[in-house]
$ cat work.csv   # CSV, C-alpha atoms
chain,number,residue,atom,x,y,z
A,1,MET,CA,96.7,100.2,175.2
A,2,LYS,CA,99.6,102.2,176.5
A,3,ALA,CA,102.0,99.4,175.9
A,4,LYS,CA,100.8,99.2,172.3
A,5,PHE,CA,101.4,102.9,171.6
A,6,LEU,CA,104.8,102.6,173.2
A,7,ALA,CA,105.7,99.7,171.1
A,8,ALA,CA,104.5,101.5,168.0
A,9,ALA,CA,106.6,104.6,168.9
A,10,LEU,CA,109.6,102.4,169.6
A,11,LEU,CA,109.1,100.6,166.3
A,12,ALA,CA,108.9,103.9,164.5
A,13,ALA,CA,112.0,105.2,166.2
A,14,ALA,CA,113.8,102.1,165.4
A,15,LEU,CA,112.8,102.2,161.8
A,16,ALA,CA,113.8,105.9,161.5
A,17,ALA,CA,117.2,105.0,163.2
A,18,CYS,CA,118.0,102.3,160.6
A,19,GLY,CA,117.0,104.4,157.6
A,20,GLY,CA,113.4,103.2,157.2
A,21,LYS,CA,110.6,105.7,157.0
A,22,ALA,CA,108.1,106.2,159.8
A,23,ASN,CA,105.7,108.4,157.9
A,24,PHE,CA,104.3,107.6,154.4
A,25,THR,CA,102.6,110.0,152.0
A,26,VAL,CA,99.4,108.5,150.5
A,27,GLY,CA,99.5,109.5,146.9
A,28,GLY,CA,100.2,108.4,143.4
A,29,THR,CA,99.8,109.3,139.7
A,30,VAL,CA,96.8,110.3,137.5
A,31,SER,CA,96.7,110.0,133.7
A,32,GLY,CA,94.3,111.6,131.3
A,33,LEU,CA,92.7,114.0,133.8
A,34,ALA,CA,91.5,116.8,131.5
A,35,ASN,CA,88.6,118.1,133.6
A,36,SER,CA,88.2,119.4,137.1
A,37,GLY,CA,86.1,117.9,139.9
A,38,LEU,CA,88.0,114.7,140.9
A,39,LYS,CA,87.8,114.3,144.6
A,40,LEU,CA,89.5,111.4,146.5
A,41,GLN,CA,89.2,110.3,150.1
A,42,VAL,CA,91.5,108.1,152.2
A,43,ASN,CA,90.2,105.7,154.9
A,44,GLY,CA,86.8,107.5,154.9
A,45,GLY,CA,88.3,110.7,156.3
A,46,GLU,CA,90.7,113.2,154.7
A,47,THR,CA,89.8,114.3,151.1
A,48,VAL,CA,91.8,115.9,148.4
A,49,GLU,CA,90.7,117.6,145.2
A,50,VAL,CA,92.8,116.8,142.1
A,51,PRO,CA,92.8,119.7,139.6
A,52,ALA,CA,92.4,119.3,135.8
A,53,GLY,CA,95.7,118.5,134.1
A,54,ALA,CA,97.3,117.1,137.3
A,55,THR,CA,99.6,114.1,136.8
A,56,SER,CA,100.1,113.3,140.5
A,57,PHE,CA,98.2,113.7,143.8
A,58,SER,CA,98.9,113.3,147.5
A,59,PHE,CA,96.9,113.6,150.8
A,60,PRO,CA,98.3,116.4,153.1
A,61,SER,CA,98.7,114.1,156.2
A,62,GLY,CA,100.9,111.1,156.0
A,63,ILE,CA,100.2,107.7,157.6
A,64,SER,CA,102.6,105.8,159.8
A,65,TYR,CA,104.4,102.5,159.0
A,66,GLY,CA,102.1,99.6,159.1
A,67,THR,CA,98.9,101.6,158.7
A,68,GLU,CA,96.4,100.2,156.2
A,69,TYR,CA,95.0,102.6,153.6
A,70,LYS,CA,92.1,102.6,151.2
A,71,VAL,CA,91.6,105.4,148.8
A,72,GLU,CA,88.1,105.9,147.2
A,73,PHE,CA,86.4,108.3,144.8
A,74,VAL,CA,84.2,110.8,146.4
A,75,GLN,CA,83.5,112.6,143.1
A,76,GLN,CA,84.4,111.9,139.5
A,77,PRO,CA,85.6,114.8,137.3
A,78,ALA,CA,83.1,116.5,135.0
A,79,HIS,CA,82.3,114.4,131.9
A,80,MET,CA,85.0,111.8,132.8
A,81,THR,CA,85.3,108.5,134.6
A,82,CYS,CA,88.4,107.6,136.5
A,83,ALA,CA,89.4,104.2,137.8
A,84,PHE,CA,92.2,102.8,139.9
A,85,LEU,CA,94.6,100.5,138.2
A,86,GLY,CA,94.3,97.1,139.8
A,87,THR,CA,94.1,97.3,143.6
A,88,THR,CA,96.7,100.1,143.9
A,89,ASN,CA,94.2,102.1,146.0
A,90,ILE,CA,94.4,99.5,148.9
A,91,GLY,CA,97.5,98.6,150.9
A,92,SER,CA,99.6,99.0,153.9
A,93,ALA,CA,102.2,101.7,154.5
A,94,GLY,CA,105.7,100.3,154.3
A,95,HIS,CA,104.8,97.4,152.1
A,96,THR,CA,106.6,99.2,149.3
A,97,THR,CA,109.1,102.0,149.6
A,98,THR,CA,106.6,104.6,148.5
A,99,ILE,CA,102.8,104.4,148.2
A,100,ASN,CA,102.0,104.7,144.5
A,101,ILE,CA,98.2,104.7,143.7
A,102,GLN,CA,97.6,104.7,140.0
A,103,ILE,CA,94.5,106.4,138.5
A,104,ALA,CA,93.5,106.4,134.8
A,105,CYS,CA,90.8,108.8,133.5
A,106,SER,CA,89.0,108.9,130.2
A,107,GLN,CA,86.3,111.1,128.7
A,108,ASN,CA,82.8,109.6,128.9
A,109,SER,CA,81.5,108.5,125.5
A,110,TYR,CA,77.9,108.0,124.4
A,111,THR,CA,76.2,106.4,121.5
A,112,VAL,CA,74.5,108.2,118.6
A,113,SER,CA,71.5,106.4,117.1
A,114,GLY,CA,68.3,107.0,115.3
A,115,THR,CA,65.5,105.7,113.1
A,116,VAL,CA,65.4,104.6,109.5
A,117,GLU,CA,62.3,104.8,107.3
A,118,GLY,CA,61.6,103.3,103.9
A,119,LEU,CA,64.9,101.3,103.5
A,120,THR,CA,63.5,98.6,101.2
A,121,THR,CA,66.8,97.9,99.4
A,122,ALA,CA,70.4,97.0,100.5
A,123,ASP,CA,73.7,98.8,100.5
A,124,LEU,CA,73.0,102.1,102.3
A,125,VAL,CA,76.3,103.2,103.7
A,126,LEU,CA,76.5,106.1,106.2
A,127,VAL,CA,79.7,107.9,107.3
A,128,ASN,CA,80.6,109.8,110.5
A,129,GLY,CA,83.6,111.7,109.0
A,130,SER,CA,87.0,110.4,108.3
A,131,ALA,CA,87.8,109.4,111.9
A,132,GLY,CA,84.4,107.9,112.6
A,133,GLY,CA,84.5,105.7,109.5
A,134,SER,CA,81.7,104.3,107.4
A,135,PHE,CA,79.1,101.6,108.2
A,136,THR,CA,76.4,99.7,106.3
A,137,VAL,CA,72.7,99.8,107.3
A,138,ALA,CA,71.0,96.6,106.3
A,139,LYS,CA,67.9,96.4,104.1
A,140,GLY,CA,64.7,96.7,106.1
A,141,ALA,CA,66.4,98.2,109.1
A,142,THR,CA,64.3,100.6,111.2
A,143,ASN,CA,67.1,101.9,113.4
A,144,PHE,CA,70.8,102.3,113.5
A,145,THR,CA,73.6,103.1,116.0
A,146,LEU,CA,77.0,104.6,115.2
A,147,PRO,CA,79.5,101.7,115.6
A,148,THR,CA,81.8,104.0,117.7
A,149,ALA,CA,80.6,106.0,120.7
A,150,VAL,CA,81.4,109.7,120.6
A,151,PRO,CA,83.2,111.3,123.6
A,152,VAL,CA,81.5,114.3,125.4
A,153,GLY,CA,82.4,117.6,123.7
A,154,THR,CA,83.3,115.9,120.3
A,155,ALA,CA,81.4,116.7,117.1
A,156,TYR,CA,79.7,114.1,115.0
A,157,GLY,CA,78.2,114.5,111.5
A,158,ILE,CA,76.4,111.6,109.8
A,159,THR,CA,75.9,111.7,106.0
A,160,VAL,CA,75.1,109.3,103.2
A,161,LEU,CA,78.3,107.8,101.6
A,162,THR,CA,76.5,105.4,99.3
A,163,GLN,CA,72.8,105.5,98.4
A,164,PRO,CA,70.9,102.1,98.5
A,165,ALA,CA,69.9,100.7,95.1
A,166,GLY,CA,67.1,102.7,93.6
A,167,LEU,CA,66.5,104.9,96.6
A,168,THR,CA,67.5,108.3,97.8
A,169,CYS,CA,68.1,108.6,101.6
A,170,GLU,CA,68.4,111.9,103.5
A,171,VAL,CA,69.7,112.4,107.0
A,172,PHE,CA,68.0,114.7,109.5
A,173,ASN,CA,69.5,115.8,112.8
A,174,GLY,CA,72.7,114.1,111.7
A,175,SER,CA,75.1,116.6,113.3
A,176,GLY,CA,75.9,117.7,116.8
A,177,VAL,CA,78.3,117.9,119.6
A,178,MET,CA,78.1,115.1,122.2
A,179,GLY,CA,76.7,116.1,125.6
A,180,ASP,CA,76.3,114.0,128.8
A,181,GLU,CA,73.8,111.5,127.5
A,182,ALA,CA,73.3,109.3,124.4
A,183,ARG,CA,71.6,110.8,121.4
A,184,ASN,CA,68.7,109.0,119.7
A,185,ASN,CA,67.3,111.8,117.5
A,186,VAL,CA,68.8,111.1,114.1
A,187,ARG,CA,66.3,110.3,111.3
A,188,VAL,CA,67.2,108.7,108.0
A,189,VAL,CA,64.4,108.9,105.5
A,190,CYS,CA,64.6,106.9,102.2
A,191,LYS,CA,62.3,107.3,99.2
B,1,MET,CA,115.7,54.0,131.6
B,2,LYS,CA,117.7,52.8,128.7
B,3,SER,CA,115.4,54.3,126.2
B,4,LYS,CA,115.7,57.7,128.0
B,5,TYR,CA,119.5,57.7,127.6
B,6,LEU,CA,119.0,56.7,124.0
B,7,SER,CA,116.6,59.6,123.3
B,8,ALA,CA,119.0,62.0,125.0
B,9,ALA,CA,121.8,60.7,122.8
B,10,ALA,CA,119.6,61.1,119.8
B,11,ALA,CA,118.8,64.7,120.8
B,12,LEU,CA,122.5,65.4,121.1
B,13,LEU,CA,123.1,64.1,117.7
B,14,CYS,CA,120.3,66.2,116.3
B,15,VAL,CA,121.9,69.4,117.9
B,16,ALA,CA,125.3,68.4,116.4
B,17,GLY,CA,123.7,67.9,113.0
B,18,LEU,CA,122.0,71.3,113.1
B,19,ALA,CA,125.2,73.0,114.2
B,20,ALA,CA,127.1,71.3,111.4
B,21,CYS,CA,124.8,72.6,108.7
B,22,GLY,CA,124.3,76.0,110.4
B,23,GLY,CA,125.3,78.1,107.4
B,24,LYS,CA,124.0,81.5,106.6
B,25,GLY,CA,120.2,81.6,106.3
B,26,ASN,CA,120.0,78.0,107.3
B,27,GLY,CA,119.0,78.2,110.9
B,28,SER,CA,116.1,78.1,113.4
B,29,LEU,CA,115.0,81.7,113.8
B,30,ASN,CA,112.2,83.3,112.0
B,31,LEU,CA,112.8,87.1,111.4
B,32,GLY,CA,109.6,89.0,111.9
B,33,VAL,CA,108.4,92.5,111.2
B,34,GLN,CA,105.6,94.4,112.9
B,35,VAL,CA,103.6,96.3,110.2
B,36,ILE,CA,101.7,99.1,111.7
B,37,GLY,CA,98.9,101.3,110.2
B,38,LEU,CA,99.0,99.9,106.7
B,39,ASP,CA,95.6,100.4,105.0
B,40,ARG,CA,96.2,98.5,101.7
B,41,GLY,CA,98.4,95.8,100.2
B,42,GLY,CA,101.5,96.2,98.0
B,43,LEU,CA,104.3,96.6,100.5
B,44,VAL,CA,107.3,94.5,99.8
B,45,LEU,CA,110.1,94.1,102.4
B,46,GLN,CA,113.5,92.5,102.0
B,47,ASN,CA,116.1,91.1,104.4
B,48,ASN,CA,119.8,91.4,103.4
B,49,GLY,CA,118.7,92.4,99.9
B,50,GLY,CA,116.5,89.4,99.2
B,51,ASP,CA,113.9,87.0,100.6
B,52,ASP,CA,111.0,89.2,99.4
B,53,LEU,CA,108.2,89.5,101.9
B,54,GLU,CA,105.1,90.7,100.1
B,55,ILE,CA,102.2,92.1,102.2
B,56,THR,CA,99.0,91.9,100.3
B,57,SER,CA,96.5,93.4,102.7
B,58,GLY,CA,96.1,96.2,105.2
B,59,GLY,CA,96.0,96.0,108.9
B,60,THR,CA,98.4,96.0,111.9
B,61,THR,CA,100.0,92.5,111.9
B,62,ASN,CA,103.3,90.7,112.4
B,63,TYR,CA,104.8,89.1,109.3
B,64,PHE,CA,107.8,86.7,109.0
B,65,PHE,CA,110.4,86.2,106.3
B,66,LYS,CA,110.4,82.7,104.7
B,67,THR,CA,114.1,81.9,105.2
B,68,LEU,CA,115.1,80.8,108.7
B,69,MET,CA,118.2,82.4,110.1
B,70,ALA,CA,121.0,81.0,112.3
B,71,PRO,CA,121.2,82.6,115.8
B,72,ASP,CA,123.4,85.7,115.8
B,73,ALA,CA,123.2,86.1,112.0
B,74,GLU,CA,123.1,89.7,110.8
B,75,PHE,CA,119.7,91.0,109.5
B,76,ASN,CA,119.0,94.2,107.5
B,77,VAL,CA,115.4,94.8,106.7
B,78,THR,CA,114.7,97.3,103.9
B,79,ILE,CA,111.7,98.4,101.9
B,80,LYS,CA,111.7,97.3,98.3
B,81,THR,CA,108.3,98.6,97.3
B,82,VAL,CA,105.9,101.0,99.0
B,83,PRO,CA,102.2,101.0,98.0
B,84,ALA,CA,101.3,104.1,95.9
B,85,ASN,CA,100.4,107.2,98.0
B,86,VAL,CA,101.6,105.6,101.2
B,87,THR,CA,104.6,106.6,103.3
B,88,CYS,CA,106.3,103.9,105.4
B,89,LYS,CA,109.1,104.2,108.0
B,90,LEU,CA,111.4,101.5,109.3
B,91,ALA,CA,112.6,101.2,112.9
B,92,ASN,CA,115.1,98.8,114.6
B,93,ASN,CA,115.7,97.2,111.2
B,94,THR,CA,119.3,96.1,111.5
B,95,GLY,CA,121.0,93.9,114.1
B,96,LYS,CA,121.9,90.3,114.9
B,97,ILE,CA,119.0,88.0,115.3
B,98,ASN,CA,118.3,86.3,118.6
B,99,TYR,CA,115.4,85.6,120.8
B,100,TYR,CA,115.1,89.2,121.8
B,101,THR,CA,115.6,90.8,118.4
B,102,TYR,CA,113.7,88.5,116.0
B,103,LEU,CA,110.6,90.7,116.2
B,104,GLN,CA,111.9,94.2,117.0
B,105,THR,CA,111.8,95.5,113.5
B,106,SER,CA,108.8,97.6,112.7
B,107,VAL,CA,107.4,99.4,109.7
B,108,THR,CA,104.9,102.2,110.4
B,109,CYS,CA,102.8,103.3,107.4
B,110,SER,CA,100.3,106.0,106.8
B,111,ALA,CA,98.3,107.1,103.8
B,112,ASP,CA,99.6,110.4,102.4
B,113,PRO,CA,97.2,113.1,103.6
B,114,TYR,CA,95.5,115.7,101.4
B,115,THR,CA,93.4,118.8,102.0
B,116,LEU,CA,89.6,118.5,102.2
B,117,GLY,CA,87.6,121.6,101.5
B,118,GLY,CA,85.4,123.5,99.1
B,119,THR,CA,83.5,126.7,98.7
B,120,VAL,CA,80.6,128.6,100.4
B,121,THR,CA,78.1,130.7,98.6
B,122,GLY,CA,75.2,132.9,99.8
B,123,LEU,CA,76.5,133.2,103.4
B,124,THR,CA,75.3,136.4,105.1
B,125,GLY,CA,74.8,135.2,108.7
B,126,THR,CA,77.4,134.3,111.3
B,127,GLY,CA,78.3,131.1,113.1
B,128,LEU,CA,78.5,128.6,110.3
B,129,VAL,CA,80.5,125.6,111.4
B,130,LEU,CA,81.1,122.6,109.2
B,131,ALA,CA,82.1,119.1,110.4
B,132,ASN,CA,83.7,116.0,108.9
B,133,GLY,CA,82.8,113.8,111.9
B,134,SER,CA,84.8,115.0,114.8
B,135,GLN,CA,86.8,117.5,112.7
B,136,THR,CA,85.3,121.0,112.5
B,137,VAL,CA,85.9,124.3,110.8
B,138,GLY,CA,84.2,127.7,111.2
B,139,VAL,CA,83.5,129.7,108.1
B,140,ALA,CA,83.0,133.4,108.2
B,141,ALA,CA,82.3,134.5,104.6
B,142,ASP,CA,81.7,133.3,101.1
B,143,GLY,CA,84.6,131.8,99.3
B,144,PRO,CA,87.0,128.8,99.8
B,145,TRP,CA,87.2,126.9,103.1
B,146,GLN,CA,89.2,123.8,104.2
B,147,PHE,CA,89.7,121.6,107.2
B,148,ALA,CA,92.9,122.4,109.1
B,149,THR,CA,94.1,118.8,109.3
B,150,PRO,CA,94.5,117.0,105.9
B,151,ILE,CA,93.0,113.6,105.5
B,152,GLY,CA,94.7,110.3,104.4
B,153,ASN,CA,93.9,109.2,100.9
B,154,ASN,CA,91.6,106.2,100.8
B,155,SER,CA,89.8,107.4,104.0
B,156,VAL,CA,86.1,108.1,103.8
B,157,TYR,CA,84.8,111.6,104.5
B,158,GLY,CA,81.4,113.2,105.0
B,159,VAL,CA,80.8,116.9,105.4
B,160,THR,CA,77.8,118.1,107.4
B,161,VAL,CA,76.6,121.5,108.7
B,162,LEU,CA,77.3,121.4,112.5
B,163,ASN,CA,76.0,124.8,113.2
B,164,GLN,CA,73.7,126.9,110.9
B,165,PRO,CA,74.5,130.6,110.5
B,166,THR,CA,72.1,133.1,112.1
B,167,ASN,CA,68.8,133.3,110.2
B,168,GLN,CA,70.1,131.1,107.4
B,169,LYS,CA,70.1,127.5,106.3
B,170,CYS,CA,73.0,126.0,104.5
B,171,THR,CA,73.0,122.7,102.6
B,172,VAL,CA,75.9,120.5,101.5
B,173,SER,CA,76.5,119.1,98.0
B,174,GLY,CA,79.4,118.3,95.7
B,175,GLY,CA,82.3,116.1,97.0
B,176,GLN,CA,82.8,112.7,95.4
B,177,ASN,CA,79.2,111.5,95.8
B,178,GLY,CA,77.4,114.8,95.2
B,179,LEU,CA,76.2,114.8,98.8
B,180,GLY,CA,79.4,116.1,100.4
B,181,ALA,CA,80.8,112.6,101.1
B,182,GLY,CA,83.2,110.2,99.4
B,183,THR,CA,86.6,108.6,99.6
B,184,MET,CA,89.6,110.8,99.8
B,185,PRO,CA,91.6,110.8,96.5
B,186,ALA,CA,95.4,111.0,96.3
B,187,ALA,CA,95.1,114.7,95.7
B,188,PRO,CA,93.3,117.6,97.5
B,189,ASP,CA,89.5,117.5,97.3
B,190,LEU,CA,88.2,121.0,97.2
B,191,SER,CA,84.8,120.2,95.6
B,192,VAL,CA,82.5,120.2,98.6
B,193,LYS,CA,79.9,123.0,98.0
B,194,ILE,CA,78.0,124.7,100.8
B,195,THR,CA,75.0,126.7,99.6
B,196,CYS,CA,73.4,129.1,102.1
B,197,GLY,CA,70.0,130.8,101.8
B,198,PRO,CA,67.0,131.9,103.8
B,199,GLN,CA,65.7,129.6,106.6
B,200,SER,CA,62.2,129.0,105.3
$ encode --input "work.csv" --output "structure tokens"
Amino acid sequence: MKAKFLAAALLAAALAACGGKANFTVGGTVSGLANSGLKLQVNGGETVEVPAGATSFSFPSGISYGTEYKVEFVQQPAHMTCAFLGTTNIGSAGHTTTINIQIACSQNSYTVSGTVEGLTTADLVLVNGSAGGSFTVAKGATNFTLPTAVPVGTAYGITVLTQPAGLTCEVFNGSGVMGDEARNNVRVVCK
Amino acid sequence: MKSKYLSAAAALLCVAGLAACGGKGNGSLNLGVQVIGLDRGGLVLQNNGGDDLEITSGGTTNYFFKTLMAPDAEFNVTIKTVPANVTCKLANNTGKINYYTYLQTSVTCSADPYTLGGTVTGLTGTGLVLANGSQTVGVAADGPWQFATPIGNNSVYGVTVLNQPTNQKCTVSGGQNGLGAGTMPAAPDLSVKITCGPQS
């Protein structure tokens, strides 16, 4: 054991002498981190909290040349999901000049859906505003789901763009602001 | 083996033949244009003042001019016709064509935006918020209202009450389809009516 430590120390010294680094910072970049709560852990030990709006992170203690590292999520930020790009969270210090772990985060999105009653004819078109676009509900349908999921904290508002032939449809519970779970309370009643 | 030499010789002859007739617009490279964000047809592009390339439908797609160009020939892509109520911008539209530049030209188009809004009547409570999907606007008193960000013509819209005012119920009417929804015209649409009254 002693010899091993000595060898490691010598190697580190030698590396330092010839311009190589002996100590590496475990860190990297984050994109899209809009909320707080992201917590990372390296090698099952040291943790670091990455604040909302941060674009980079690093663990306070470095690791020495040749040490393997594995960074994991201990906690995801509120209403968001972050992921490592590729396998940048796993590696060995010194394999590249600097350790660059890349994390991309995005706001969680959930679906909006509901029931349809009395739709006995075709061509009902609903719309979720200009950005959400329009979509057709088929004749005889008893339920529908918005084609695009809505991110947490974003408003939605479903209205009738085109009435089906010979019927008048009305939307109930069509508006809201997305929370942390899917919505299935919209009612479309056609008469 | 003999046949291999023969085919090589034939290939050389072919290259020589191509080089010999390598006049302007008589080459091997296909000049392309990336069209981005176009929502309708009617865009006509030109290269060096001719070779009309007509784009007949919307979408984000790559298009190519019909006439092949010789390597290193100069290209100059211009817009001949823009669809009505659309604005398009060219980028990287001049240069010498080669393997790296043949598809660097882009045209980014967007439908001209117009204001969406209307009027509120009967509002006595507080907290009224209207939505056009993800877009919202708070309304404090009777009178005109509008969304802050204008909407591209030809886009659909649909106005709903996101938050009812205290002790009141508001309903949406008007707009293009009478229900507060429609397709954005190439002009401001200030016809969405919000009528507020008792909850009942």
$ closest_atom_pairs --input "work.csv" --of "chain A" --to "chain B" --cutoff "6 Å" --atoms "all atoms listed in the file" --output "Markdown table"
| residue | atom | partner | partner_atom | distance |
| --- | --- | --- | --- | --- |
| A:Asn128 | CA | B:Gly133 | CA | 4.8 |
| A:Gly129 | CA | B:Gly133 | CA | 3.7 |
| A:Ser130 | CA | B:Tyr157 | CA | 4.6 |
| A:Thr154 | CA | B:Ser134 | CA | 5.8 |
| A:Ala155 | CA | B:Ser134 | CA | 4.4 |
| A:Tyr156 | CA | B:Gly133 | CA | 4.4 |
| A:Gly157 | CA | B:Gly133 | CA | 4.7 |
| A:Thr159 | CA | B:Gly158 | CA | 5.8 |
| A:Leu161 | CA | B:Ala181 | CA | 5.4 |
| A:Ser175 | CA | B:Leu162 | CA | 5.3 |
| A:Gly176 | CA | B:Leu162 | CA | 5.8 |
$ closest_residue --input "work.csv" --among "A:Ile101, A:Leu85, A:Leu33, A:Val150" --to "Ser58 in chain A" --atoms "all atoms listed in the file"
A:Ile101
$ residues_around --input "work.csv" --residues "Pro60 in chain A" --least-positions-apart "2" --cutoff "10 Å" --atoms "only C-alpha atoms" --output "list of chain:residue names"
A:Thr25, A:Val26, A:Gly27, A:Glu46, A:Thr47, A:Val48, A:Phe57, A:Ser58, A:Gly62, A:Ile63
$ write_last_selection --input "work.csv" --atoms "C-alpha atoms" --output "compact mmCIF listing (two decimals), keeping the file's coordinate frame"
# COMPACT_ATOMS: atom_id res chain seq x y z
CA THR A 25 102.60 110.00 152.00
CA VAL A 26 99.40 108.50 150.50
CA GLY A 27 99.50 109.50 146.90
CA GLU A 46 90.70 113.20 154.70
CA THR A 47 89.80 114.30 151.10
CA VAL A 48 91.80 115.90 148.40
CA PHE A 57 98.20 113.70 143.80
CA SER A 58 98.90 113.30 147.50
CA GLY A 62 100.90 111.10 156.00
CA ILE A 63 100.20 107.70 157.60
$ closest_residue --input "work.csv" --among "A:Ile158, A:Ala93, A:Leu146, A:Val189" --to "Tyr65 in chain A" --atoms "only C-alpha atoms"
A:Ala93
$ atom_distance --input "work.csv" --atom1 "CA of Thr166 in chain B" --atom2 "CA of Asn173 in chain A"
17.5 Å
$ atom_distance --input "work.csv" --atom1 "CA of Ala22 in chain A" --atom2 "CA of Pro51 in chain A"
28.7 Å
$ atom_distance --input "work.csv" --atom1 "CA of Lys66 in chain B" --atom2 "CA of Asn47 in chain B"
10.2 Å
$ residues_around --input "work.csv" --residues "Thr121 in chain B" --least-positions-apart "4" --cutoff "8 Å" --atoms "all atoms listed in the file" --output "number ranges by chain"
B: 142-143, 193-196
$ residues_around --input "work.csv" --residues "Ile55 in chain B" --least-positions-apart "5" --cutoff "9 Å" --atoms "all atoms listed in the file" --output "MDAnalysis selection string"
chainID B and resid 40:45 63
$ residues_around --input "work.csv" --residues "Thr115 in chain A" --least-positions-apart "2" --cutoff "8 Å" --atoms "only C-alpha atoms" --output "list in words"
Ser113, Glu117, Thr142, Asn143, Phe144, Asn185, Val186, Arg187 and Val188 of chain A
$ build_atoms --input "work.csv" --residues "range 56-70 of chain B" --atoms "N, CA and C atoms" --output "PDB file, in the coordinates of the input"
ATOM      1  N   THR B  56     100.052  91.714 101.305  1.00  0.00           N
ATOM      2  CA  THR B  56      99.000  91.900 100.300  1.00  0.00           C
ATOM      3  C   THR B  56      97.737  92.534 100.828  1.00  0.00           C
ATOM      4  N   SER B  57      97.678  92.768 102.158  1.00  0.00           N
ATOM      5  CA  SER B  57      96.500  93.400 102.700  1.00  0.00           C
ATOM      6  C   SER B  57      96.817  94.353 103.800  1.00  0.00           C
ATOM      7  N   GLY B  58      95.874  95.257 104.111  1.00  0.00           N
ATOM      8  CA  GLY B  58      96.100  96.200 105.200  1.00  0.00           C
ATOM      9  C   GLY B  58      95.924  95.625 106.548  1.00  0.00           C
ATOM     10  N   GLY B  59      96.215  96.428 107.562  1.00  0.00           N
ATOM     11  CA  GLY B  59      96.000  96.000 108.900  1.00  0.00           C
ATOM     12  C   GLY B  59      97.339  96.098 109.715  1.00  0.00           C
ATOM     13  N   THR B  60      97.230  95.960 111.035  1.00  0.00           N
ATOM     14  CA  THR B  60      98.400  96.000 111.900  1.00  0.00           C
ATOM     15  C   THR B  60      98.680  94.549 112.326  1.00  0.00           C
ATOM     16  N   THR B  61      99.730  93.947 111.735  1.00  0.00           N
ATOM     17  CA  THR B  61     100.000  92.500 111.900  1.00  0.00           C
ATOM     18  C   THR B  61     101.492  92.259 111.923  1.00  0.00           C
ATOM     19  N   ASN B  62     101.893  91.125 112.483  1.00  0.00           N
ATOM     20  CA  ASN B  62     103.300  90.700 112.400  1.00  0.00           C
ATOM     21  C   ASN B  62     103.438  89.767 111.187  1.00  0.00           C
ATOM     22  N   TYR B  63     104.521  89.979 110.439  1.00  0.00           N
ATOM     23  CA  TYR B  63     104.800  89.100 109.300  1.00  0.00           C
ATOM     24  C   TYR B  63     106.228  88.553 109.470  1.00  0.00           C
ATOM     25  N   PHE B  64     106.493  87.401 108.820  1.00  0.00           N
ATOM     26  CA  PHE B  64     107.800  86.700 109.000  1.00  0.00           C
ATOM     27  C   PHE B  64     108.403  86.407 107.630  1.00  0.00           C
ATOM     28  N   PHE B  65     109.719  86.603 107.527  1.00  0.00           N
ATOM     29  CA  PHE B  65     110.400  86.200 106.300  1.00  0.00           C
ATOM     30  C   PHE B  65     110.469  84.705 106.205  1.00  0.00           C
ATOM     31  N   LYS B  66     110.477  84.190 104.955  1.00  0.00           N
ATOM     32  CA  LYS B  66     110.400  82.700 104.700  1.00  0.00           C
ATOM     33  C   LYS B  66     111.669  82.027 105.199  1.00  0.00           C
ATOM     34  N   THR B  67     112.830  82.619 104.885  1.00  0.00           N
ATOM     35  CA  THR B  67     114.100  81.900 105.200  1.00  0.00           C
ATOM     36  C   THR B  67     114.423  82.005 106.670  1.00  0.00           C
ATOM     37  N   LEU B  68     114.676  80.855 107.277  1.00  0.00           N
ATOM     38  CA  LEU B  68     115.100  80.800 108.700  1.00  0.00           C
ATOM     39  C   LEU B  68     116.510  81.300 108.805  1.00  0.00           C
ATOM     40  N   MET B  69     116.821  81.930 109.931  1.00  0.00           N
ATOM     41  CA  MET B  69     118.200  82.400 110.100  1.00  0.00           C
ATOM     42  C   MET B  69     118.858  81.751 111.295  1.00  0.00           C
ATOM     43  N   ALA B  70     120.182  81.641 111.209  1.00  0.00           N
ATOM     44  CA  ALA B  70     121.000  81.000 112.300  1.00  0.00           C
ATOM     45  C   ALA B  70     121.065  82.081 113.425  1.00  0.00           C
TER      46      ALA B  70
END
